[in-house]
file my_file-v2.pdb (PDB, C-alpha atoms)
ATOM      1  CA  MET E   1      17.702  65.674 117.831
ATOM      2  CA  ARG E   2      20.154  70.979 114.905
ATOM      3  CA  LYS E   3      23.209  72.220 110.094
ATOM      4  CA  ARG E   4      26.187  69.186 113.280
ATOM      5  CA  SER E   5      34.783  72.190 105.834
ATOM      6  CA  PHE E   6      35.752  73.313 108.892
ATOM      7  CA  LEU E   7      41.909  77.834 104.115
ATOM      8  CA  PRO E   8      45.016  77.991 105.498
ATOM      9  CA  GLY E   9      45.808  74.720 107.137
ATOM     10  CA  ILE E  10      42.428  73.068 107.468
ATOM     11  CA  VAL E  11      40.311  74.410 104.586
ATOM     12  CA  LEU E  12      36.761  73.369 103.959
ATOM     13  CA  ILE E  13      37.385  69.711 104.664
ATOM     14  CA  ALA E  14      34.405  67.660 103.621
ATOM     15  CA  VAL E  15      34.218  64.030 104.635
ATOM     16  CA  LEU E  16      35.162  62.410 101.349
ATOM     17  CA  ALA E  17      33.079  59.345 101.935
ATOM     18  CA  LEU E  18      30.063  61.447 102.734
ATOM     19  CA  VAL E  19      30.652  63.975 100.009
ATOM     20  CA  SER E  20      30.923  61.187  97.476
ATOM     21  CA  ALA E  21      27.610  59.937  98.781
ATOM     22  CA  SER E  22      26.100  63.393  98.514
ATOM     23  CA  SER E  23      27.360  63.796  94.955
ATOM     24  CA  SER E  24      24.930  61.140  93.831
ATOM     25  CA  LEU E  25      21.964  62.489  95.763
ATOM     26  CA  SER E  26      18.964  62.854  93.494
ATOM     27  CA  SER E  27      15.345  61.923  93.312
ATOM     28  CA  PRO E  28      13.231  60.901  90.347
ATOM     29  CA  SER E  29      10.715  63.694  90.827
ATOM     30  CA  LYS E  30       9.494  65.848  87.992
ATOM     31  CA  SER E  31      10.131  69.533  88.655
ATOM     32  CA  SER E  32       9.634  72.192  91.280
ATOM     33  CA  ALA E  33       6.333  73.115  89.704
ATOM     34  CA  ALA E  34       5.245  69.500  89.464
ATOM     35  CA  LEU E  35       5.852  69.068  93.195
ATOM     36  CA  ARG E  36       3.186  71.604  94.074
ATOM     37  CA  SER E  37      -0.222  70.357  95.076
ATOM     38  CA  THR E  38      -3.266  72.182  93.719
ATOM     39  CA  LYS E  39      -4.827  72.010  97.191
ATOM     40  CA  GLY E  40      -1.640  72.078  99.265
ATOM     41  CA  TYR E  41      -0.553  69.435 101.730
ATOM     42  CA  SER E  42      -0.604  69.460 105.507
ATOM     43  CA  VAL E  43       3.032  69.085 106.597
ATOM     44  CA  TRP E  44       4.159  68.853 110.230
ATOM     45  CA  PHE E  45       7.557  69.358 111.833
ATOM     46  CA  VAL E  46       7.649  67.795 115.302
ATOM     47  CA  ASP E  47      10.822  69.439 116.577
ATOM     48  CA  GLY E  48      12.194  67.828 119.722
ATOM     49  CA  PHE E  49      15.090  70.311 119.748
ATOM     50  CA  SER E  50      13.269  73.610 119.194
ATOM     51  CA  PHE E  51      15.206  75.069 122.137
ATOM     52  CA  VAL E  52      18.414  74.856 120.036
ATOM     53  CA  PRO E  53      19.057  77.814 117.662
ATOM     54  CA  ALA E  54      20.159  75.601 114.751
ATOM     55  CA  TRP E  55      16.833  73.769 114.921
ATOM     56  CA  GLN E  56      14.942  77.053 115.127
ATOM     57  CA  ARG E  57      16.687  78.052 111.908
ATOM     58  CA  MET E  58      15.588  74.785 110.318
ATOM     59  CA  GLU E  59      12.007  75.466 111.382
ATOM     60  CA  LYS E  60      12.123  78.796 109.525
ATOM     61  CA  GLN E  61      13.553  77.084 106.437
ATOM     62  CA  PHE E  62      10.809  74.458 106.640
ATOM     63  CA  LYS E  63       8.049  77.061 106.852
ATOM     64  CA  LYS E  64       9.524  79.102 103.996
ATOM     65  CA  GLU E  65       9.745  76.053 101.730
ATOM     66  CA  ALA E  66       6.218  74.974 102.647
ATOM     67  CA  ALA E  67       4.923  78.414 101.714
ATOM     68  CA  ARG E  68       6.784  78.236  98.408
ATOM     69  CA  LEU E  69       5.175  74.873  97.654
ATOM     70  CA  GLY E  70       1.714  75.988  98.719
ATOM     71  CA  ASP E  71       1.577  73.697 101.762
ATOM     72  CA  LYS E  72       0.222  74.350 105.249
ATOM     73  CA  ALA E  73       3.079  73.960 107.728
ATOM     74  CA  THR E  74       2.561  73.124 111.396
ATOM     75  CA  VAL E  75       5.645  73.278 113.639
ATOM     76  CA  VAL E  76       5.420  71.794 117.135
ATOM     77  CA  GLY E  77       8.302  72.492 119.503
ATOM     78  CA  MET E  78       9.222  72.000 123.137
ATOM     79  CA  SER E  79      11.440  73.592 125.750
ATOM     80  CA  ALA E  80      13.404  70.399 126.463
ATOM     81  CA  LEU E  81      13.897  67.079 124.724
ATOM     82  CA  ASP E  82      10.975  64.811 125.596
ATOM     83  CA  PRO E  83      10.549  61.751 123.331
ATOM     84  CA  ALA E  84       7.233  60.827 124.968
ATOM     85  CA  LYS E  85       5.825  64.250 124.126
ATOM     86  CA  MET E  86       7.153  63.920 120.596
ATOM     87  CA  VAL E  87       5.157  60.699 120.222
ATOM     88  CA  SER E  88       2.091  62.510 121.547
ATOM     89  CA  ASP E  89       2.638  65.345 119.074
ATOM     90  CA  MET E  90       2.932  62.831 116.235
ATOM     91  CA  ASP E  91      -0.351  61.307 117.390
ATOM     92  CA  GLN E  92      -1.849  64.775 117.108
ATOM     93  CA  ALA E  93      -0.536  65.082 113.550
ATOM     94  CA  ILE E  94      -2.023  61.708 112.648
ATOM     95  CA  ALA E  95      -5.386  62.677 114.147
ATOM     96  CA  ALA E  96      -5.277  65.938 112.167
ATOM     97  CA  HIS E  97      -4.799  63.913 108.949
ATOM     98  CA  ALA E  98      -1.356  65.290 108.205
ATOM     99  CA  ASN E  99       0.121  64.307 104.865
ATOM    100  CA  ALA E 100       3.737  64.331 106.035
ATOM    101  CA  ILE E 101       5.709  64.494 109.294
ATOM    102  CA  LEU E 102       9.314  65.568 109.781
ATOM    103  CA  PHE E 103      11.039  64.776 113.097
ATOM    104  CA  CYS E 104      14.248  63.429 114.639
ATOM    105  CA  ASP E 105      14.121  59.772 115.635
ATOM    106  CA  VAL E 106      16.267  60.162 118.749
ATOM    107  CA  ASP E 107      15.603  56.559 119.782
ATOM    108  CA  PRO E 108      14.228  54.075 117.215
ATOM    109  CA  LYS E 109      12.873  51.816 119.986
ATOM    110  CA  VAL E 110      10.678  54.653 121.270
ATOM    111  CA  PHE E 111       9.368  55.643 117.847
ATOM    112  CA  THR E 112       9.056  52.284 116.047
ATOM    113  CA  ALA E 113       5.342  51.835 116.709
ATOM    114  CA  GLU E 114       4.553  55.506 116.057
ATOM    115  CA  ILE E 115       6.342  55.528 112.698
ATOM    116  CA  ALA E 116       4.479  52.373 111.679
ATOM    117  CA  LYS E 117       1.188  53.937 112.792
ATOM    118  CA  ALA E 118       1.800  57.078 110.753
ATOM    119  CA  ARG E 119       2.880  55.188 107.649
ATOM    120  CA  LYS E 120      -0.148  52.929 107.896
ATOM    121  CA  ALA E 121      -2.271  56.088 107.844
ATOM    122  CA  GLY E 122      -0.625  57.048 104.548
ATOM    123  CA  ILE E 123       1.566  59.750 106.070
ATOM    124  CA  VAL E 124       5.040  60.295 104.628
ATOM    125  CA  VAL E 125       7.436  60.142 107.583
ATOM    126  CA  THR E 126      10.924  61.626 107.380
ATOM    127  CA  THR E 127      13.534  61.769 110.125
ATOM    128  CA  ILE E 128      16.270  64.411 110.005
ATOM    129  CA  GLY E 129      19.423  64.485 112.079
ATOM    130  CA  CYS E 130      18.654  61.024 113.466
ATOM    131  CA  VAL E 131      19.155  58.150 111.070
ATOM    132  CA  ASP E 132      16.826  55.146 110.898
ATOM    133  CA  LYS E 133      15.534  52.540 108.451
ATOM    134  CA  LEU E 134      11.936  52.778 109.670
ATOM    135  CA  SER E 135      10.816  56.058 108.100
ATOM    136  CA  ASN E 136      10.059  56.706 104.445
ATOM    137  CA  TYR E 137      13.167  58.871 104.330
ATOM    138  CA  SER E 138      16.109  59.420 106.657
ATOM    139  CA  ILE E 139      18.417  62.431 106.330
ATOM    140  CA  GLY E 140      21.456  62.853 108.526
ATOM    141  CA  THR E 141      25.104  62.255 109.191
ATOM    142  CA  ASP E 142      26.713  58.871 108.699
ATOM    143  CA  ASN E 143      27.534  58.751 112.389
ATOM    144  CA  VAL E 144      30.340  56.190 112.239
ATOM    145  CA  ALA E 145      31.954  58.228 109.451
ATOM    146  CA  TYR E 146      31.472  61.358 111.579
ATOM    147  CA  GLY E 147      33.319  59.741 114.476
ATOM    148  CA  LYS E 148      36.175  58.736 112.179
ATOM    149  CA  PHE E 149      36.352  62.252 110.793
ATOM    150  CA  ALA E 150      36.480  63.716 114.305
ATOM    151  CA  ALA E 151      39.229  61.224 115.174
ATOM    152  CA  ASP E 152      41.317  62.443 112.231
ATOM    153  CA  VAL E 153      40.828  66.074 113.280
ATOM    154  CA  VAL E 154      41.793  65.340 116.896
ATOM    155  CA  GLY E 155      44.535  62.843 116.033
ATOM    156  CA  LYS E 156      46.336  65.328 113.804
ATOM    157  CA  LYS E 157      45.957  68.172 116.288
ATOM    158  CA  LEU E 158      47.392  66.102 119.149
ATOM    159  CA  GLY E 159      50.184  64.595 117.101
ATOM    160  CA  GLY E 160      48.704  61.129 117.429
ATOM    161  CA  SER E 161      48.644  60.760 121.208
ATOM    162  CA  GLY E 162      46.898  62.062 124.305
ATOM    163  CA  ASP E 163      43.926  61.535 126.610
ATOM    164  CA  VAL E 164      40.576  62.808 125.328
ATOM    165  CA  GLY E 165      37.036  62.985 126.642
ATOM    166  CA  PHE E 166      33.562  63.243 125.108
ATOM    167  CA  ASP E 167      30.591  65.322 126.187
ATOM    168  CA  GLY E 168      27.267  64.148 124.767
ATOM    169  CA  THR E 169      23.615  63.963 125.686
ATOM    170  CA  THR E 170      23.660  60.466 127.227
ATOM    171  CA  ARG E 171      25.913  57.467 126.752
ATOM    172  CA  SER E 172      22.971  55.624 125.173
ATOM    173  CA  THR E 173      21.911  58.246 122.594
ATOM    174  CA  PRO E 174      22.030  56.106 119.401
ATOM    175  CA  ASN E 175      23.709  58.544 116.996
ATOM    176  CA  GLN E 176      26.305  59.509 119.614
ATOM    177  CA  VAL E 177      27.046  55.875 120.422
ATOM    178  CA  LEU E 178      27.893  55.382 116.744
ATOM    179  CA  GLN E 179      30.022  58.544 116.656
ATOM    180  CA  VAL E 180      32.103  57.366 119.604
ATOM    181  CA  LYS E 181      32.343  53.920 118.001
ATOM    182  CA  GLY E 182      33.673  55.449 114.768
ATOM    183  CA  PHE E 183      36.121  57.603 116.736
ATOM    184  CA  LYS E 184      37.520  54.605 118.592
ATOM    185  CA  GLN E 185      37.780  52.546 115.399
ATOM    186  CA  GLU E 186      39.757  55.289 113.665
ATOM    187  CA  THR E 187      42.077  56.001 116.575
ATOM    188  CA  ALA E 188      42.769  52.300 117.056
ATOM    189  CA  ALA E 189      43.732  52.006 113.395
ATOM    190  CA  LYS E 190      45.617  55.293 112.906
ATOM    191  CA  TYR E 191      46.269  56.970 116.271
ATOM    192  CA  PRO E 192      46.825  54.249 118.895
ATOM    193  CA  GLY E 193      48.255  56.861 121.259
ATOM    194  CA  ILE E 194      44.845  58.524 121.581
ATOM    195  CA  LYS E 195      42.991  57.264 124.641
ATOM    196  CA  VAL E 196      39.330  57.979 125.505
ATOM    197  CA  VAL E 197      39.274  58.464 129.283
ATOM    198  CA  ALA E 198      35.803  59.959 129.796
ATOM    199  CA  TRP E 199      32.359  60.191 128.235
ATOM    200  CA  GLU E 200      30.132  62.650 130.065
ATOM    201  CA  GLU E 201      26.360  63.183 129.850
ATOM    202  CA  GLY E 202      25.163  66.777 129.495
ATOM    203  CA  LYS E 203      21.511  65.740 129.224
ATOM    204  CA  GLY E 204      20.901  68.292 126.467
ATOM    205  CA  ASN E 205      21.438  71.206 128.865
ATOM    206  CA  THR E 206      24.358  73.645 128.596
ATOM    207  CA  ALA E 207      24.467  74.247 132.357
ATOM    208  CA  THR E 208      24.845  70.497 132.906
ATOM    209  CA  ASP E 209      27.443  70.339 130.130
ATOM    210  CA  THR E 210      29.423  73.008 131.976
ATOM    211  CA  THR E 211      29.348  71.001 135.205
ATOM    212  CA  VAL E 212      30.341  67.668 133.691
ATOM    213  CA  ILE E 213      33.060  69.108 131.443
ATOM    214  CA  THR E 214      34.591  70.912 134.414
ATOM    215  CA  ALA E 215      34.532  67.691 136.431
ATOM    216  CA  MET E 216      35.992  65.715 133.518
ATOM    217  CA  ILE E 217      38.944  68.096 133.183
ATOM    218  CA  GLN E 218      39.593  68.175 136.926
ATOM    219  CA  ALA E 219      39.419  64.390 137.192
ATOM    220  CA  ASN E 220      41.821  63.898 134.276
ATOM    221  CA  PRO E 221      44.823  66.266 134.626
ATOM    222  CA  SER E 222      46.425  64.767 131.510
ATOM    223  CA  LEU E 223      43.386  65.513 129.334
ATOM    224  CA  LYS E 224      44.410  66.989 125.973
ATOM    225  CA  ALA E 225      41.046  67.393 124.218
ATOM    226  CA  VAL E 226      37.319  67.753 124.831
ATOM    227  CA  ILE E 227      35.134  66.486 121.999
ATOM    228  CA  CYS E 228      31.535  67.675 121.775
ATOM    229  CA  ILE E 229      28.940  65.323 120.327
ATOM    230  CA  THR E 230      25.931  67.400 121.357
ATOM    231  CA  SER E 231      25.140  70.958 120.245
ATOM    232  CA  THR E 232      24.641  72.140 123.840
ATOM    233  CA  CYS E 233      28.302  71.381 124.596
ATOM    234  CA  PRO E 234      30.263  74.107 122.719
ATOM    235  CA  PRO E 235      28.476  77.021 124.470
ATOM    236  CA  ALA E 236      29.716  75.530 127.764
ATOM    237  CA  ALA E 237      33.384  75.785 126.761
ATOM    238  CA  GLN E 238      34.277  79.133 128.348
ATOM    239  CA  ALA E 239      32.578  78.528 131.702
ATOM    240  CA  ALA E 240      33.797  74.921 131.980
ATOM    241  CA  LEU E 241      37.404  75.669 131.056
ATOM    242  CA  THR E 242      37.515  78.714 133.315
ATOM    243  CA  ALA E 243      36.093  76.757 136.240
ATOM    244  CA  ALA E 244      38.742  74.099 135.654
ATOM    245  CA  GLY E 245      41.492  76.738 135.678
ATOM    246  CA  LYS E 246      42.164  76.580 131.958
ATOM    247  CA  LYS E 247      42.727  79.305 129.355
ATOM    248  CA  PRO E 248      41.783  79.221 125.657
ATOM    249  CA  GLY E 249      44.135  76.833 123.895
ATOM    250  CA  ASP E 250      45.272  74.960 127.019
ATOM    251  CA  LEU E 251      43.530  71.935 125.578
ATOM    252  CA  PHE E 252      41.927  71.271 122.211
ATOM    253  CA  PHE E 253      38.170  71.902 122.361
ATOM    254  CA  LEU E 254      36.304  70.474 119.365
ATOM    255  CA  GLY E 255      32.747  71.706 118.929
ATOM    256  CA  ILE E 256      29.872  70.397 116.886
ATOM    257  CA  ASP E 257      27.460  72.256 114.572
ATOM    258  CA  HIS E 258      27.304  76.002 113.989
ATOM    259  CA  ASP E 259      24.855  77.548 116.409
ATOM    260  CA  PRO E 260      25.449  81.272 117.081
ATOM    261  CA  ALA E 261      26.813  80.508 120.558
ATOM    262  CA  THR E 262      29.216  77.947 119.091
ATOM    263  CA  ILE E 263      30.431  80.400 116.457
ATOM    264  CA  ALA E 264      30.882  83.038 119.182
ATOM    265  CA  ALA E 265      32.993  80.589 121.236
ATOM    266  CA  LEU E 266      35.007  79.772 118.113
ATOM    267  CA  LYS E 267      35.600  83.476 117.457
ATOM    268  CA  SER E 268      36.728  84.106 121.051
ATOM    269  CA  GLY E 269      39.062  81.082 121.037
ATOM    270  CA  TRP E 270      37.365  78.980 123.717
ATOM    271  CA  VAL E 271      36.310  76.487 121.003
ATOM    272  CA  ASN E 272      39.236  75.738 118.685
ATOM    273  CA  GLU E 273      37.303  74.197 115.797
ATOM    274  CA  THR E 274      33.799  72.926 115.182
ATOM    275  CA  ILE E 275      32.359  70.299 112.861
ATOM    276  CA  SER E 276      29.361  71.548 110.921
ATOM    277  CA  GLN E 277      26.800  68.921 109.955
ATOM    278  CA  CYS E 278      25.172  69.850 106.651
ATOM    279  CA  TRP E 279      21.823  68.234 107.434
ATOM    280  CA  PHE E 280      21.040  71.341 109.500
ATOM    281  CA  ASP E 281      20.594  73.098 106.149
ATOM    282  CA  ALA E 282      18.546  70.280 104.610
ATOM    283  CA  GLY E 283      15.075  71.076 106.001
ATOM    284  CA  PRO E 284      13.819  72.336 102.618
ATOM    285  CA  PHE E 285      15.238  69.232 100.934
ATOM    286  CA  ALA E 286      13.351  67.017 103.387
ATOM    287  CA  LEU E 287      10.109  68.780 102.528
ATOM    288  CA  ASP E 288      10.819  68.499  98.807
ATOM    289  CA  LEU E 289      11.375  64.739  99.226
ATOM    290  CA  MET E 290       8.055  64.325 101.045
ATOM    291  CA  GLN E 291       6.249  66.514  98.526
ATOM    292  CA  ALA E 292       7.625  64.482  95.616
ATOM    293  CA  LYS E 293       6.367  61.254  97.166
ATOM    294  CA  LEU E 294       2.931  62.740  97.819
ATOM    295  CA  ALA E 295       2.841  63.941  94.211
ATOM    296  CA  GLY E 296       3.537  60.399  92.985
ATOM    297  CA  HIS E 297       7.229  60.780  92.228
ATOM    298  CA  PRO E 298       8.918  59.071  95.200
ATOM    299  CA  SER E 299      12.645  58.611  95.549
ATOM    300  CA  ALA E 300      13.715  54.990  95.653
ATOM    301  CA  LYS E 301      16.476  56.012  98.044
ATOM    302  CA  GLN E 302      15.619  55.886 101.762
ATOM    303  CA  SER E 303      18.761  57.061 103.532
ATOM    304  CA  TRP E 304      20.585  60.274 102.683
ATOM    305  CA  ALA E 305      24.069  60.667 104.201
ATOM    306  CA  MET E 306      25.033  64.318 104.541
ATOM    307  CA  PRO E 307      28.568  65.705 104.482
ATOM    308  CA  THR E 308      30.301  67.629 107.257
ATOM    309  CA  GLN E 309      32.790  70.502 107.355
ATOM    310  CA  VAL E 310      35.415  71.617 109.820
ATOM    311  CA  VAL E 311      35.036  75.308 110.628
ATOM    312  CA  THR E 312      37.897  77.359 112.080
ATOM    313  CA  ALA E 313      38.058  80.969 113.247
ATOM    314  CA  GLN E 314      39.798  81.842 109.974
ATOM    315  CA  GLN E 315      36.605  80.921 108.108
ATOM    316  CA  LEU E 316      34.314  83.277 109.996
ATOM    317  CA  PRO E 317      31.751  84.590 109.339
ATOM    318  CA  TYR E 318      30.215  81.192 108.576
ATOM    319  CA  SER E 319      26.641  80.996 107.365
ATOM    320  CA  GLY E 320      26.295  77.233 107.014
ATOM    321  CA  CYS E 321      27.133  74.544 104.511
ATOM    322  CA  PRO E 322      27.325  75.773 100.914
ATOM    323  CA  ALA E 323      24.356  74.959  98.693
ATOM    324  CA  LYS E 324      26.486  72.657  96.525
ATOM    325  CA  LEU E 325      26.702  70.214  99.444
ATOM    326  CA  ILE E 326      22.929  70.060  99.945
ATOM    327  CA  PRO E 327      21.070  67.540  97.754
ATOM    328  CA  THR E 328      18.138  68.610  95.647
ATOM    329  CA  VAL E 329      15.069  66.880  94.294
ATOM    330  CA  LYS E 330      15.931  66.928  90.632
ATOM    331  CA  PRO E 331      13.636  66.616  87.585
TER     332      PRO E 331
END
call {"tool": "encode", "arguments": {"input": "my_file-v2.pdb", "output": "structure tokens"}}
result
Amino acid sequence: MRKRSFLPGIVLIAVLALVSASSSLSSPSKSSAALRSTKGYSVWFVDGFSFVPAWQRMEKQFKKEAARLGDKATVVGMSALDPAKMVSDMDQAIAAHANAILFCDVDPKVFTAEIAKARKAGIVVTTIGCVDKLSNYSIGTDNVAYGKFAADVVGKKLGGSGDVGFDGTTRSTPNQVLQVKGFKQETAAKYPGIKVVAWEEGKGNTATDTTVITAMIQANPSLKAVICITSTCPPAAQAALTAAGKKPGDLFFLGIDHDPATIAALKSGWVNETISQCWFDAGPFALDLMQAKLAGHPSAKQSWAMPTQVVTAQQLPYSGCPAKLIPTVKP
């Protein structure tokens, strides 16, 4: 369901394909003032990942932007990812006559009917961090491109060969399936010596991530890299590597996103690099998109691919993707 770049050596590498996409991001709305409703809109953020610091930061950005636009913001969170509860919370928003809903479509099959129900009620539905073609707007990473980018980072670090393993939420999480697909496509084409030997399921829980990463390393003595595709994975690096008898740098540990715990692990050396996904800083943009549509100035564009950045310890402190990489609703 959280802103997934990264000066000497690896400098603010942005995925060129994605950055080129972001360079054309615009919406045919009028102006910031024109976006504001005289009565204010009811905007909801159903946050299935409110237990993750990066998503908590997005919630604050969402509320701040809503206040700026004169809207009433309702944020609904949960202590663990629960798609069924998310559907129930969206039902609550529909019953409360919300004007717009922001959420992460973690599984399109689960949310298809609910999105249709909300749109039929005239609600502007936007998904962030999880890409779909069902909502009015979809903001997130091009997941296949993300996987290819990660493959280039890992492939270069390992000199083109070595066994690697993934730690994600589940092996059926749609965005992560696409990321692994992109990784395998890129390694097959450019780094045939890279072999994926494991794909573990952390279930969105850092304690579980620690257990499965430890087991993955112990079961694969030749493992050269651990690749995180869930934001609960990087904070598990120190405990998992230590339990497996490893020291910082013994294998390449690639994180994802820029939660405080991830940045701390990067600073201490347990995580070697992390890939920051700029959609984590796009909450205000999502609200501006919804506001523009409600004000009668909708964007004709449905899907917004966001760039990524590699972040290294040399780039710390890191406060998120620079504003120039975040699209805006332009006059």
call {"tool": "closest_residue", "arguments": {"input": "my_file-v2.pdb", "among": "E:Ala121, E:Ile139, E:Ile256, E:Ala93", "to": "Asp105 of chain E", "atoms": "only C-alpha atoms"}}
result
E:Ile139
call {"tool": "resolve_selection", "arguments": {"input": "my_file-v2.pdb", "expression": "the PyMOL selection byres ((chain E and resi 106) around 10)", "output": "list in words"}}
result
Met1, Gly48, Leu81, Asp82, Pro83, Phe103, Cys104, Asp105, Asp107, Pro108, Lys109, Val110, Phe111, Thr127, Ile128, Gly129, Cys130, Val131, Asp132, Thr173, Pro174 and Asn175 of chain E
call {"tool": "resolve_selection", "arguments": {"input": "my_file-v2.pdb", "expression": "the PyMOL selection byres ((chain E and resi 282) around 12)", "output": "PyMOL selection string"}}
result
chain E and resi 2-4+22+54-55+57-62+65+102+126-129+138-141+277-281+283-289+304-307+320-329
call {"tool": "axis_aligned_box", "arguments": {"input": "my_file-v2.pdb", "around": "segment 309-314 of chain E", "padding_each_side": "5 Å", "output": "AutoDock Vina command-line options"}}
result
--center_x 36.3 --center_y 76.2 --center_z 110.3 --size_x 17.0 --size_y 21.3 --size_z 15.9
call {"tool": "residues_around", "arguments": {"input": "my_file-v2.pdb", "residues": "Val125 of chain E", "least_positions_apart": "6", "cutoff": "8 Å", "atoms": "all atoms listed in the file", "output": "list in words"}}
result
Ala100, Ile101, Leu102, Ile115, Ala118, Arg119, Ser135, Asn136, Tyr137 and Met290 of chain E
call {"tool": "atom_distance", "arguments": {"input": "my_file-v2.pdb", "atom1": "atom CA of Ile94 of chain E", "atom2": "atom CA of Arg68 of chain E"}}
result
23.5 Å
call {"tool": "closest_residue", "arguments": {"input": "my_file-v2.pdb", "among": "E:Val164, E:Ala244, E:Ile227, E:Leu294", "to": "Gly40 of chain E", "atoms": "all atoms listed in the file"}}
result
E:Leu294
call {"tool": "residues_around", "arguments": {"input": "my_file-v2.pdb", "residues": "Ala265 of chain E", "least_positions_apart": "5", "cutoff": "8 Å", "atoms": "only C-alpha atoms", "output": "list in words"}}
result
Pro234, Pro235, Ala237, Gln238, Trp270 and Val271 of chain E
call {"tool": "resolve_selection", "arguments": {"input": "my_file-v2.pdb", "expression": "the PyMOL selection byres ((chain E and resi 144) around 8)", "output": "mmCIF file with C-alpha atoms, in the frame of the given file"}}
result
data_model
loop_
_atom_site.group_PDB
_atom_site.id
_atom_site.type_symbol
_atom_site.label_atom_id
_atom_site.label_comp_id
_atom_site.auth_asym_id
_atom_site.auth_seq_id
_atom_site.Cartn_x
_atom_site.Cartn_y
_atom_site.Cartn_z
ATOM 1 C CA ASP E 142 26.713 58.871 108.699
ATOM 2 C CA ASN E 143 27.534 58.751 112.389
ATOM 3 C CA ALA E 145 31.954 58.228 109.451
ATOM 4 C CA TYR E 146 31.472 61.358 111.579
ATOM 5 C CA GLY E 147 33.319 59.741 114.476
ATOM 6 C CA LYS E 148 36.175 58.736 112.179
ATOM 7 C CA LEU E 178 27.893 55.382 116.744
ATOM 8 C CA GLN E 179 30.022 58.544 116.656
ATOM 9 C CA VAL E 180 32.103 57.366 119.604
ATOM 10 C CA LYS E 181 32.343 53.920 118.001
ATOM 11 C CA GLY E 182 33.673 55.449 114.768
ATOM 12 C CA PHE E 183 36.121 57.603 116.736
#
call {"tool": "closest_residue", "arguments": {"input": "my_file-v2.pdb", "among": "E:Ile213, E:Ala219, E:Ala295, E:Val177", "to": "Val124 of chain E", "atoms": "all atoms listed in the file"}}
result
E:Ala295
call {"tool": "atom_distance", "arguments": {"input": "my_file-v2.pdb", "atom1": "atom CA of Ala239 of chain E", "atom2": "atom CA of Phe253 of chain E"}}
result
12.7 Å
call {"tool": "atom_distance", "arguments": {"input": "my_file-v2.pdb", "atom1": "atom CA of Ala73 of chain E", "atom2": "atom CA of Trp44 of chain E"}}
result
5.8 Å
call {"tool": "residues_near_point", "arguments": {"input": "my_file-v2.pdb", "point": "(40.2, 73.6, 134.7)", "cutoff": "7 Å", "atoms": "all atoms listed in the file", "output": "ChimeraX atom specification"}}
result
/E:214,217-218,241-246
call {"tool": "build_atoms", "arguments": {"input": "my_file-v2.pdb", "residues": "segment 114-123 of chain E", "atoms": "N, CA, C and O atoms", "output": "CSV table (one decimal), keeping the file's coordinate frame"}}
result
chain,number,residue,atom,x,y,z
E,114,GLU,N,5.2,54.3,116.5
E,114,GLU,CA,4.6,55.5,116.1
E,114,GLU,C,4.8,55.7,114.6
E,114,GLU,O,3.9,56.2,113.8
E,115,ILE,N,6.0,55.4,114.1
E,115,ILE,CA,6.3,55.5,112.7
E,115,ILE,C,5.5,54.6,111.9
E,115,ILE,O,4.9,55.0,110.9
E,116,ALA,N,5.3,53.3,112.4
E,116,ALA,CA,4.5,52.4,111.7
E,116,ALA,C,3.0,52.9,111.6
E,116,ALA,O,2.3,52.7,110.6
E,117,LYS,N,2.6,53.4,112.7
E,117,LYS,CA,1.2,53.9,112.8
E,117,LYS,C,1.0,55.0,111.8
E,117,LYS,O,-0.1,55.1,111.1
E,118,ALA,N,1.9,56.0,111.7
E,118,ALA,CA,1.8,57.1,110.8
E,118,ALA,C,1.9,56.6,109.3
E,118,ALA,O,1.0,57.0,108.5
E,119,ARG,N,2.8,55.7,109.0
E,119,ARG,CA,2.9,55.2,107.6
E,119,ARG,C,1.6,54.4,107.2
E,119,ARG,O,1.2,54.5,106.1
E,120,LYS,N,1.1,53.7,108.2
E,120,LYS,CA,-0.1,52.9,107.9
E,120,LYS,C,-1.3,53.9,107.5
E,120,LYS,O,-2.2,53.6,106.8
E,121,ALA,N,-1.2,55.1,108.1
E,121,ALA,CA,-2.3,56.1,107.8
E,121,ALA,C,-2.0,56.8,106.5
E,121,ALA,O,-2.7,57.8,106.2
E,122,GLY,N,-0.9,56.4,105.8
E,122,GLY,CA,-0.6,57.0,104.5
E,122,GLY,C,0.2,58.3,104.7
E,122,GLY,O,0.3,59.1,103.7
E,123,ILE,N,0.8,58.5,105.8
E,123,ILE,CA,1.6,59.8,106.1
E,123,ILE,C,3.0,59.5,105.7
E,123,ILE,O,3.6,58.4,106.0
